[in-house]
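Here the structure is laid out as structure tokens; the discussion comes afterwards.
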Amino acid sequence: MRSPQNVLESLSSKACNSNYRYQRLYRNLYNPEFYLIAYQKIQAKQGNMTAGTDGKTVDGIGMKRINALIARLKDFSYQPAPARRTYIPKANGKKRPLGIPSFDDKLVQEVVRMILESIYEPTFLNTSHGFRPKRHSNMCKRILLGSNGLSRVTLRGALTMLTIMHWSTSCAGAFRMSISSGLSGSS
């Protein structure tokens, strides 16, 4: 089997070619090396010693378990286990729900994430910050607030305008007219 690094680089290199069609991506889920890399990425994260609904944790992982998981993927018998629901406290005293998946599901999710990220990451604009590696939406806010001396009011107005522009491009012309006339009265 090809090295995961080579596979991911190959997928990335074809990402910007709009005529290219990926085929047989699923077979990458049969490569045990992907699961070893996925394990390295997620094993140290806090909470991985918490058992999912299957009762297993990161502790019992090994090639035997990885190969059994791959065998289930190959014969299409793999089914993600339902996440275990628990509630964790928020700063305001309320609680928020948290789903805890089984560790096998976390491994499969990480392998799929690596594959999809290598395909889609090269196609994103450098100005896109949300849910991307080494980027987040707060960086965008910092860039806007930090440079050019923009104020929070200006930022709120810009984000409102972007939201309205996005909404208006996907709605009928009658709605566009009512939005633009509504903006002239706002501050």
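Note on naming: chains are A, B, ... as they come in the structure tokens, residues start from 1 per chain, ligands start from 1 in the order shown.
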Counting only C-alpha atoms, what is within 12 Å of region 24-40 of chain A, bar same-chain residues fewer than 3 positions away, as a count of residues only?
-> 52
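Those residues that approach Gly99 (chain A) to within 9 Å, counting only C-alpha atoms, are Gly52, Pro82, Ala83, Arg84, Arg85, Thr86 and Tyr87 of chain A; same-chain residues fewer than 3 positions away are not listed.
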May I have all residues of region 10-85 of chain A that DSSP, computed from the backbone, assigns to helix (DSSP H, G or I), given as a ChimeraX atom specification?
-> /A:10-13,25-30,32-42,58-60,63-74
For Ile88 (chain A), which of A:Ala51, A:Ala15, A:Ile42, A:Ile100 is the closest residue, counting only C-alpha atoms?
->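 The shortest atom-to-atom distance to Ile88 (chain A) comes from A:Ile100.
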Between CA of Ser77 (chain A) and CA of Tyr22 (chain A), measure the distance and give it in Å to one decimal.
->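 Atom-to-atom, CA of Ser77 (chain A) and CA of Tyr22 (chain A) are spaced 23.9 Å apart.
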